>>> print(open('start35.cif').read())   # mmCIF, C-alpha atoms and all ligand atoms
data_final
#
loop_
_atom_site.label_atom_id
_atom_site.label_comp_id
_atom_site.auth_asym_id
_atom_site.auth_seq_id
_atom_site.Cartn_x
_atom_site.Cartn_y
_atom_site.Cartn_z
CA MET A 6 -17.05 20.41 7.57
CA ILE A 7 -16.35 16.66 7.98
CA LEU A 8 -13.97 15.33 5.32
CA PHE A 9 -12.45 12.03 4.21
CA ASP A 10 -9.42 12.05 1.89
CA THR A 11 -9.71 8.56 0.36
CA HIS A 12 -6.35 8.62 -1.43
CA ALA A 13 -3.04 10.13 -0.32
CA HIS A 14 0.66 9.25 -0.28
CA LEU A 15 1.81 10.87 2.94
CA ASP A 16 4.76 8.49 3.33
CA PHE A 17 6.47 10.24 0.39
CA GLU A 18 9.58 12.26 1.22
CA ASP A 19 7.75 15.41 0.13
CA TYR A 20 6.44 15.54 3.73
CA ASP A 21 9.60 14.58 5.59
CA THR A 22 10.16 18.10 6.91
CA ASP A 23 6.62 18.93 8.05
CA ARG A 24 4.53 15.74 8.29
CA ASP A 25 3.11 16.51 11.76
CA GLU A 26 2.17 20.06 10.78
CA MET A 27 0.56 18.82 7.55
CA ILE A 28 -1.54 16.31 9.53
CA GLY A 29 -2.42 19.12 11.95
CA ARG A 30 -3.71 21.23 9.05
CA ALA A 31 -5.75 18.24 7.86
CA ARG A 32 -7.41 17.90 11.27
CA ALA A 33 -8.06 21.65 11.41
CA ALA A 34 -9.75 21.47 7.98
CA GLY A 35 -12.16 18.82 9.28
CA LEU A 36 -10.57 15.59 8.11
CA ILE A 37 -11.53 12.59 10.20
CA TYR A 38 -10.13 9.89 7.89
CA ILE A 39 -7.29 9.57 5.36
CA VAL A 40 -6.44 6.40 3.44
CA ASN A 41 -2.69 6.34 2.81
CA VAL A 42 -2.19 4.25 -0.31
CA GLY A 43 0.79 2.01 -1.02
CA PHE A 44 2.87 2.34 -4.18
CA GLU A 45 5.10 -0.72 -3.80
CA LEU A 46 6.09 -2.97 -0.90
CA ASP A 47 8.25 -0.44 0.91
CA SER A 48 5.69 2.36 0.74
CA SER A 49 2.98 -0.12 1.75
CA ARG A 50 5.00 -0.86 4.89
CA LYS A 51 5.36 2.87 5.50
CA ALA A 52 1.61 3.31 5.02
CA VAL A 53 1.01 0.82 7.82
CA GLN A 54 3.52 2.66 10.03
CA LEU A 55 1.73 5.98 9.43
CA ALA A 56 -1.58 4.32 10.29
CA GLU A 57 -0.05 3.15 13.56
CA LYS A 58 1.20 6.65 14.36
CA TYR A 59 -1.86 8.77 13.41
CA ASP A 60 -5.37 7.80 14.50
CA LEU A 61 -7.09 9.32 11.44
CA ILE A 62 -4.87 7.47 8.94
CA TYR A 63 -5.75 4.04 7.53
CA ALA A 64 -3.60 2.12 5.07
CA ALA A 65 -3.97 0.44 1.70
CA VAL A 66 -1.22 -1.92 0.57
CA GLY A 67 -0.39 -2.70 -3.02
CA VAL A 68 1.85 -2.35 -6.04
CA HIS A 69 1.25 0.49 -8.53
CA PRO A 70 1.52 -0.39 -12.23
CA HIS A 71 4.72 1.70 -12.48
CA GLU A 72 6.36 -0.82 -10.13
CA ALA A 73 4.86 -3.96 -11.69
CA GLY A 74 8.15 -4.80 -13.39
CA ASN A 75 10.10 -4.63 -10.12
CA VAL A 76 8.18 -6.92 -7.78
CA PRO A 77 9.95 -9.77 -5.98
CA PRO A 78 8.57 -13.28 -6.62
CA ASP A 79 6.83 -13.38 -3.22
CA TYR A 80 5.17 -9.96 -3.43
CA LEU A 81 1.67 -11.38 -3.00
CA GLU A 82 2.70 -13.21 0.20
CA GLN A 83 4.30 -10.01 1.50
CA LEU A 84 1.16 -8.00 0.73
CA GLU A 85 -0.99 -10.63 2.42
CA LEU A 86 1.12 -10.39 5.57
CA LEU A 87 0.82 -6.59 5.59
CA ALA A 88 -2.92 -6.79 4.94
CA GLY A 89 -3.33 -8.66 8.22
CA HIS A 90 -2.79 -5.38 10.09
CA PRO A 91 -6.07 -4.11 11.62
CA LYS A 92 -5.70 -0.66 10.00
CA VAL A 93 -5.26 -2.00 6.45
CA VAL A 94 -8.59 -1.32 4.76
CA ALA A 95 -7.91 -2.02 1.06
CA LEU A 96 -5.55 -3.30 -1.60
CA GLY A 97 -4.08 -0.46 -3.64
CA GLU A 98 -3.13 1.16 -5.59
CA ILE A 99 -3.32 -1.36 -8.41
CA GLY A 100 -4.16 -1.07 -12.09
CA LEU A 101 -2.71 -0.05 -15.43
CA ASP A 102 -0.81 3.03 -16.59
CA TYR A 103 -0.32 3.38 -20.36
CA PHE A 104 0.48 7.08 -20.10
CA ARG A 105 3.99 6.54 -18.76
CA ASP A 106 4.36 2.80 -19.47
CA ARG A 107 7.08 2.53 -16.82
CA SER A 108 6.59 -1.24 -16.65
CA PRO A 109 5.95 -3.52 -19.63
CA ARG A 110 2.23 -3.98 -20.21
CA PRO A 111 2.24 -7.79 -19.80
CA GLU A 112 3.84 -7.29 -16.35
CA GLN A 113 1.25 -4.64 -15.48
CA HIS A 114 -1.56 -7.03 -16.42
CA LYS A 115 -0.08 -9.93 -14.44
CA VAL A 116 0.50 -7.90 -11.27
CA PHE A 117 -2.92 -6.24 -11.56
CA ARG A 118 -4.71 -9.59 -11.89
CA GLY A 119 -2.60 -11.15 -9.13
CA GLN A 120 -3.61 -8.41 -6.71
CA LEU A 121 -7.28 -8.54 -7.73
CA ALA A 122 -7.23 -12.25 -6.89
CA LEU A 123 -5.55 -11.52 -3.56
CA ALA A 124 -8.20 -8.91 -2.74
CA ARG A 125 -10.89 -11.47 -3.45
CA LYS A 126 -9.15 -14.03 -1.23
CA LEU A 127 -8.81 -11.50 1.61
CA ASN A 128 -12.26 -9.96 0.99
CA LEU A 129 -10.75 -6.46 0.80
CA PRO A 130 -11.84 -3.55 -1.41
CA VAL A 131 -9.54 -2.52 -4.26
CA ILE A 132 -8.24 0.95 -5.20
CA ILE A 133 -7.85 1.11 -8.98
CA HIS A 134 -5.37 3.29 -10.88
CA ASP A 135 -6.32 3.82 -14.54
CA ARG A 136 -4.31 6.17 -16.71
CA GLU A 137 -4.95 6.06 -20.46
CA ALA A 138 -5.86 2.36 -20.09
CA HIS A 139 -9.65 2.55 -19.93
CA GLY A 140 -10.36 -0.29 -22.38
CA ASP A 141 -8.07 -2.87 -20.77
CA ILE A 142 -9.10 -1.82 -17.25
CA MET A 143 -12.75 -2.46 -18.10
CA ASP A 144 -11.95 -5.77 -19.82
CA ILE A 145 -9.99 -7.02 -16.81
CA LEU A 146 -12.52 -5.78 -14.25
CA GLN A 147 -15.33 -7.44 -16.17
CA GLN A 148 -13.37 -10.70 -16.44
CA GLU A 149 -12.40 -10.67 -12.76
CA ASP A 150 -15.88 -9.72 -11.53
CA PRO A 151 -17.34 -10.18 -8.92
CA PHE A 152 -15.53 -8.07 -6.33
CA SER A 153 -16.87 -9.23 -2.99
CA ALA A 154 -15.72 -6.15 -1.11
CA GLY A 155 -16.12 -3.60 -3.92
CA GLY A 156 -13.65 -0.89 -4.73
CA VAL A 157 -13.02 2.55 -6.15
CA ILE A 158 -11.70 3.95 -9.40
CA HIS A 159 -9.32 6.54 -8.01
CA CYS A 160 -8.72 9.94 -9.61
CA TYR A 161 -11.39 9.18 -12.16
CA SER A 162 -10.59 10.34 -15.70
CA GLY A 163 -12.86 8.25 -17.91
CA SER A 164 -16.14 8.92 -19.66
CA TRP A 165 -19.63 8.95 -18.19
CA GLU A 166 -20.33 5.69 -20.05
CA MET A 167 -17.33 4.01 -18.41
CA ALA A 168 -18.37 5.37 -15.00
CA GLN A 169 -21.75 3.70 -15.46
CA GLN A 170 -20.07 0.37 -16.25
CA CYS A 171 -17.82 0.69 -13.19
CA MET A 172 -20.79 1.44 -10.95
CA LYS A 173 -22.59 -1.59 -12.37
CA LEU A 174 -19.64 -3.68 -11.15
CA GLY A 175 -20.11 -2.13 -7.71
CA PHE A 176 -17.34 0.45 -7.81
CA TYR A 177 -17.30 3.90 -6.34
CA ILE A 178 -15.94 6.77 -8.44
CA SER A 179 -13.42 9.07 -6.77
CA ILE A 180 -12.99 12.65 -7.92
CA ALA A 181 -9.66 14.42 -7.37
CA GLY A 182 -8.26 17.94 -7.75
CA PRO A 183 -8.43 18.18 -11.56
CA VAL A 184 -12.20 18.75 -11.24
CA THR A 185 -11.29 22.27 -10.07
CA PHE A 186 -9.31 23.03 -13.25
CA ASN A 187 -10.97 25.33 -15.76
CA LYS A 188 -10.57 23.03 -18.72
CA SER A 189 -11.80 19.80 -17.07
CA ASN A 190 -15.18 19.90 -18.77
CA LYS A 191 -15.50 16.13 -19.20
CA LEU A 192 -14.68 15.46 -15.54
CA LYS A 193 -16.99 18.23 -14.35
CA ASP A 194 -19.76 16.64 -16.42
CA VAL A 195 -19.10 13.20 -14.91
CA ALA A 196 -19.05 14.66 -11.38
CA THR A 197 -22.34 16.45 -12.05
CA ARG A 198 -24.04 13.23 -13.14
CA LEU A 199 -22.60 10.79 -10.58
CA PRO A 200 -25.17 9.53 -8.10
CA LEU A 201 -24.39 10.73 -4.59
CA ASP A 202 -24.22 7.20 -3.19
CA ARG A 203 -21.29 6.25 -5.52
CA LEU A 204 -19.15 9.34 -5.04
CA LEU A 205 -15.85 9.72 -3.18
CA ILE A 206 -13.34 12.58 -3.07
CA GLU A 207 -9.57 12.47 -2.67
CA THR A 208 -6.39 14.49 -3.07
CA ASP A 209 -3.83 11.95 -4.37
CA SER A 210 -1.35 14.05 -2.36
CA PRO A 211 1.33 15.14 -3.10
CA PHE A 212 0.04 15.24 -6.71
CA LEU A 213 -2.87 16.90 -8.52
CA THR A 214 -3.22 19.96 -6.30
CA PRO A 215 -6.60 21.66 -6.72
CA VAL A 216 -7.19 25.34 -7.44
CA PRO A 217 -6.37 27.70 -5.68
CA TYR A 218 -3.07 25.93 -4.84
CA ARG A 219 -2.52 24.32 -8.23
CA GLY A 220 1.21 23.98 -8.94
CA LYS A 221 2.14 23.64 -5.25
CA ARG A 222 2.51 20.44 -3.23
CA ASN A 223 -0.86 18.90 -2.43
CA GLU A 224 -2.00 17.82 1.06
CA PRO A 225 -5.17 16.32 2.54
CA ALA A 226 -6.48 19.65 3.89
CA PHE A 227 -6.96 20.71 0.26
CA VAL A 228 -9.64 18.06 -0.30
CA GLN A 229 -12.02 20.80 0.86
CA TYR A 230 -11.56 22.57 -2.50
CA THR A 231 -12.52 19.46 -4.42
CA ALA A 232 -15.53 19.05 -2.12
CA ALA A 233 -16.55 22.67 -2.77
CA GLU A 234 -16.25 22.29 -6.56
CA VAL A 235 -18.23 19.04 -6.69
CA ALA A 236 -20.84 20.54 -4.36
CA ALA A 237 -21.19 23.57 -6.65
CA LEU A 238 -21.60 21.31 -9.69
CA LYS A 239 -24.30 19.37 -7.87
CA LYS A 240 -25.87 22.52 -6.43
CA LEU A 241 -25.40 21.25 -2.91
CA ASP A 242 -23.98 22.77 0.22
CA SER A 243 -20.24 21.89 0.58
CA ALA A 244 -20.65 20.56 4.10
CA GLU A 245 -23.52 18.33 3.03
CA LEU A 246 -21.55 16.96 0.06
CA ALA A 247 -18.51 16.39 2.29
CA LYS A 248 -20.62 14.51 4.82
CA ILE A 249 -22.13 12.25 2.14
CA CYS A 250 -18.69 11.45 0.68
CA THR A 251 -17.34 10.74 4.16
CA GLU A 252 -20.18 8.29 4.82
CA ASN A 253 -19.53 6.62 1.44
CA GLY A 254 -15.85 6.21 2.31
CA ARG A 255 -16.75 4.76 5.69
CA THR A 256 -19.01 2.25 3.99
CA LEU A 257 -16.47 1.17 1.35
CA PHE A 258 -13.55 0.91 3.78
CA ARG A 259 -15.78 -0.48 6.56
CA LEU A 260 -15.08 2.25 9.05
CA ASN A 261 -18.71 2.27 10.15
CA THR A 262 -18.02 1.88 13.80
CA THR A 263 -20.61 2.97 16.34
CA SER A 264 -19.16 6.47 16.77
NI NI B 1 -2.11 7.54 -5.99
#
>>> encode(input="start35.cif", output="structure tokens")
Amino acid sequence: MILFDTHAHLDFEDYDTDRDEMIGRARAAGLIYIVNVGFELDSSRKAVQLAEKYDLIYAAVGVHPHEAGNVPPDYLEQLELLAGHPKVVALGEIGLDYFRDRSPRPEQHKVFRGQLALARKLNLPVIIHDREAHGDIMDILQQEDPFSAGGVIHCYSGSWEMAQQCMKLGFYISIAGPVTFNKSNKLKDVATRLPLDRLLIETDSPFLTPVPYRGKRNEPAFVQYTAAEVAALKKLDSAELAKICTENGRTLFRLNTTS
């Protein structure tokens, strides 16, 4: 099986004791690409460092809505500098989180829009975080459209109707571990309907661990379980589904080298 984990946070201290082994397990499971996604400036820097150390890792740099209230005045300049690295393939993760509301909503909006504008300036794809903020996410995306380099709604949790609107704006939809949970009927339905050419898979490691490891720390090797579940929903062979998602990821993040 050939796999692409399009969203992971492998710089987190959860992996400090076994990072090399965890990457080894990812390779053994068939992973050929991982996008390590930034959470704030420091983790964005660490994402770039991981991308320098491991050939299969690429980096996204950005400020998560939780951190929107803590950014220094020059955060966009700092992100732009980091984005100049050849292994930075996207801006992310950026968006809105009304579930935890760790930063005031006006700050979340400002930092989200600031980074969308930066992505447009740099012609980079965007990785969108949307938790319990579907309405405002869609309003902002529609106002900020067009996105020259496209993007992805990561760990998708919205409705089928919203997915259709996102795809109309050129976004991919990324399915994470919760699709393997018994009670995720809405997400299973969305995954079943999604056209194959708009579909990505991810782990969001160390969070959202799929069945059969639910409750434990997540890692990229486990993206195979999400691939298997989505394949079953679509009545496809797992390896075929994994290959299609890998190609989609290569297209979005422009990893379509001649290999
Ligand atoms: Ni994430």
>>> atom_distance(input="start35.cif", atom1="CA of Tyr161 (chain A)", atom2="CA of His134 (chain A)")
8.5 Å
>>> closest_residue(input="start35.cif", among="A:Ile37, A:Ala95, A:Leu15, A:Val53", to="Ala247 (chain A)", atoms="only C-alpha atoms")
A:Ile37
>>> residues_around(input="start35.cif", residues="region 16-22 of chain A", least_positions_apart="2", cutoff="7 Å", atoms="only C-alpha atoms", output="PyMOL selection string")
chain A and resi 14+24+48+51-52
>>> closest_residue(input="start35.cif", among="A:Phe258, A:Phe186, A:Tyr103, A:Phe212", to="Ala154 (chain A)", atoms="all atoms listed in the file")
A:Phe258
>>> atom_distance(input="start35.cif", atom1="CA of Glu85 (chain A)", atom2="CA of Val66 (chain A)")
8.9 Å
>>> closest_atom_pairs(input="start35.cif", of="chain A", to="ligand NI 1 (chain B)", cutoff="10 Å", atoms="only C-alpha atoms and all ligand atoms", output="tab-separated table")
residue	atom	partner	partner_atom	distance
A:Thr11	CA	B:NI1	NI	10.0
A:His12	CA	B:NI1	NI	6.3
A:Ala13	CA	B:NI1	NI	6.3
A:His14	CA	B:NI1	NI	6.6
A:Asn41	CA	B:NI1	NI	8.9
A:Val42	CA	B:NI1	NI	6.6
A:Gly43	CA	B:NI1	NI	8.0
A:Phe44	CA	B:NI1	NI	7.4
A:His69	CA	B:NI1	NI	8.2
A:Gly97	CA	B:NI1	NI	8.6
A:Glu98	CA	B:NI1	NI	6.5
A:Ile99	CA	B:NI1	NI	9.3
A:Ile132	CA	B:NI1	NI	9.0
A:Ile133	CA	B:NI1	NI	9.1
A:His134	CA	B:NI1	NI	7.3
A:His159	CA	B:NI1	NI	7.6
A:Cys160	CA	B:NI1	NI	7.9
A:Glu207	CA	B:NI1	NI	9.5
A:Thr208	CA	B:NI1	NI	8.7
A:Asp209	CA	B:NI1	NI	5.0
A:Ser210	CA	B:NI1	NI	7.5
A:Pro211	CA	B:NI1	NI	8.8
A:Phe212	CA	B:NI1	NI	8.0
A:Leu213	CA	B:NI1	NI	9.7
>>> write_last_selection(input="start35.cif", atoms="C-alpha atoms", output="short mmCIF file (atom, residue, chain, number, x, y, z; two decimals), keeping the file's coordinate frame")
data_model
loop_
_atom_site.label_atom_id
_atom_site.label_comp_id
_atom_site.auth_asym_id
_atom_site.auth_seq_id
_atom_site.Cartn_x
_atom_site.Cartn_y
_atom_site.Cartn_z
CA THR A 11 -9.71 8.56 0.36
CA HIS A 12 -6.35 8.62 -1.43
CA ALA A 13 -3.04 10.13 -0.32
CA HIS A 14 0.66 9.25 -0.28
CA ASN A 41 -2.69 6.34 2.81
CA VAL A 42 -2.19 4.25 -0.31
CA GLY A 43 0.79 2.01 -1.02
CA PHE A 44 2.87 2.34 -4.18
CA HIS A 69 1.25 0.49 -8.53
CA GLY A 97 -4.08 -0.46 -3.64
CA GLU A 98 -3.13 1.16 -5.59
CA ILE A 99 -3.32 -1.36 -8.41
CA ILE A 132 -8.24 0.95 -5.20
CA ILE A 133 -7.85 1.11 -8.98
CA HIS A 134 -5.37 3.29 -10.88
CA HIS A 159 -9.32 6.54 -8.01
CA CYS A 160 -8.72 9.94 -9.61
CA GLU A 207 -9.57 12.47 -2.67
CA THR A 208 -6.39 14.49 -3.07
CA ASP A 209 -3.83 11.95 -4.37
CA SER A 210 -1.35 14.05 -2.36
CA PRO A 211 1.33 15.14 -3.10
CA PHE A 212 0.04 15.24 -6.71
CA LEU A 213 -2.87 16.90 -8.52
#
>>> axis_aligned_box(input="start35.cif", around="region 36-50 of chain A", padding_each_side="5 Å", output="AutoDock Vina command-line options")
--center_x -1.6 --center_y 6.3 --center_z 3.0 --size_x 29.8 --size_y 28.6 --size_z 24.4
>>> closest_residue(input="start35.cif", among="A:Gly119, A:Gly254, A:Gly29, A:Gly67", to="Ser179 (chain A)", atoms="all atoms listed in the file")
A:Gly254
>>> closest_residue(input="start35.cif", among="A:Asp106, A:Glu137, A:Asp144, A:Glu149", to="Leu123 (chain A)", atoms="only C-alpha atoms")
A:Glu149
>>> closest_residue(input="start35.cif", among="A:Val131, A:Glu224, A:Leu204, A:Thr251", to="Lys239 (chain A)", atoms="all atoms listed in the file")
A:Leu204
>>> residues_near_point(input="start35.cif", point="(-9.1, -1.6, -15.4)", cutoff="12 Å", atoms="all atoms listed in the file", output="number ranges by chain")
A: 70, 98-103, 113-114, 117-118, 121, 131-150, 156-159, 161, 163, 167-168, 170-171, 174, 176
>>> write_last_selection(input="start35.cif", atoms="C-alpha atoms", output="PDB file, keeping the file's coordinate frame")
ATOM      1  CA  PRO A  70       1.520  -0.390 -12.230  1.00  0.00           C
ATOM      2  CA  GLU A  98      -3.130   1.160  -5.590  1.00  0.00           C
ATOM      3  CA  ILE A  99      -3.320  -1.360  -8.410  1.00  0.00           C
ATOM      4  CA  GLY A 100      -4.160  -1.070 -12.090  1.00  0.00           C
ATOM      5  CA  LEU A 101      -2.710  -0.050 -15.430  1.00  0.00           C
ATOM      6  CA  ASP A 102      -0.810   3.030 -16.590  1.00  0.00           C
ATOM      7  CA  TYR A 103      -0.320   3.380 -20.360  1.00  0.00           C
ATOM      8  CA  GLN A 113       1.250  -4.640 -15.480  1.00  0.00           C
ATOM      9  CA  HIS A 114      -1.560  -7.030 -16.420  1.00  0.00           C
ATOM     10  CA  PHE A 117      -2.920  -6.240 -11.560  1.00  0.00           C
ATOM     11  CA  ARG A 118      -4.710  -9.590 -11.890  1.00  0.00           C
ATOM     12  CA  LEU A 121      -7.280  -8.540  -7.730  1.00  0.00           C
ATOM     13  CA  VAL A 131      -9.540  -2.520  -4.260  1.00  0.00           C
ATOM     14  CA  ILE A 132      -8.240   0.950  -5.200  1.00  0.00           C
ATOM     15  CA  ILE A 133      -7.850   1.110  -8.980  1.00  0.00           C
ATOM     16  CA  HIS A 134      -5.370   3.290 -10.880  1.00  0.00           C
ATOM     17  CA  ASP A 135      -6.320   3.820 -14.540  1.00  0.00           C
ATOM     18  CA  ARG A 136      -4.310   6.170 -16.710  1.00  0.00           C
ATOM     19  CA  GLU A 137      -4.950   6.060 -20.460  1.00  0.00           C
ATOM     20  CA  ALA A 138      -5.860   2.360 -20.090  1.00  0.00           C
ATOM     21  CA  HIS A 139      -9.650   2.550 -19.930  1.00  0.00           C
ATOM     22  CA  GLY A 140     -10.360  -0.290 -22.380  1.00  0.00           C
ATOM     23  CA  ASP A 141      -8.070  -2.870 -20.770  1.00  0.00           C
ATOM     24  CA  ILE A 142      -9.100  -1.820 -17.250  1.00  0.00           C
ATOM     25  CA  MET A 143     -12.750  -2.460 -18.100  1.00  0.00           C
ATOM     26  CA  ASP A 144     -11.950  -5.770 -19.820  1.00  0.00           C
ATOM     27  CA  ILE A 145      -9.990  -7.020 -16.810  1.00  0.00           C
ATOM     28  CA  LEU A 146     -12.520  -5.780 -14.250  1.00  0.00           C
ATOM     29  CA  GLN A 147     -15.330  -7.440 -16.170  1.00  0.00           C
ATOM     30  CA  GLN A 148     -13.370 -10.700 -16.440  1.00  0.00           C
ATOM     31  CA  GLU A 149     -12.400 -10.670 -12.760  1.00  0.00           C
ATOM     32  CA  ASP A 150     -15.880  -9.720 -11.530  1.00  0.00           C
ATOM     33  CA  GLY A 156     -13.650  -0.890  -4.730  1.00  0.00           C
ATOM     34  CA  VAL A 157     -13.020   2.550  -6.150  1.00  0.00           C
ATOM     35  CA  ILE A 158     -11.700   3.950  -9.400  1.00  0.00           C
ATOM     36  CA  HIS A 159      -9.320   6.540  -8.010  1.00  0.00           C
ATOM     37  CA  TYR A 161     -11.390   9.180 -12.160  1.00  0.00           C
ATOM     38  CA  GLY A 163     -12.860   8.250 -17.910  1.00  0.00           C
ATOM     39  CA  MET A 167     -17.330   4.010 -18.410  1.00  0.00           C
ATOM     40  CA  ALA A 168     -18.370   5.370 -15.000  1.00  0.00           C
ATOM     41  CA  GLN A 170     -20.070   0.370 -16.250  1.00  0.00           C
ATOM     42  CA  CYS A 171     -17.820   0.690 -13.190  1.00  0.00           C
ATOM     43  CA  LEU A 174     -19.640  -3.680 -11.150  1.00  0.00           C
ATOM     44  CA  PHE A 176     -17.340   0.450  -7.810  1.00  0.00           C
TER      45      PHE A 176
END
>>> atom_distance(input="start35.cif", atom1="CA of Ile39 (chain A)", atom2="CA of Asp10 (chain A)")
4.8 Å
>>> closest_residue(input="start35.cif", among="A:Ala33, A:Val228, A:Ala236, A:Ile180", to="Thr214 (chain A)", atoms="all atoms listed in the file")
A:Val228
>>> residues_around(input="start35.cif", residues="Gln83 (chain A)", least_positions_apart="4", cutoff="8 Å", atoms="all atoms listed in the file", output="list in words")
Leu46, Asp79 and Leu87 of chain A
>>> residues_near_point(input="start35.cif", point="(-21.7, 6.5, -6.4)", cutoff="10 Å", atoms="only C-alpha atoms", output="list in words")
Val157, Ala168, Gln169, Cys171, Met172, Gly175, Phe176, Tyr177, Ile178, Ser179, Ala196, Arg198, Leu199, Pro200, Leu201, Asp202, Arg203, Leu204, Leu205, Cys250 and Asn253 of chain A
>>> residues_around(input="start35.cif", residues="Glu234 (chain A)", least_positions_apart="6", cutoff="12 Å", atoms="all atoms listed in the file", output="list in words")
Ile180, Ala181, Gly182, Pro183, Val184, Thr185, Phe186, Asn187, Ser189, Leu192, Lys193, Asp194, Ala196, Thr197, Ile206, Pro215, Val216, Pro217, Phe227, Val228, Lys240, Leu241, Asp242, Ser243, Ala244, Leu246 and Ala247 of chain A
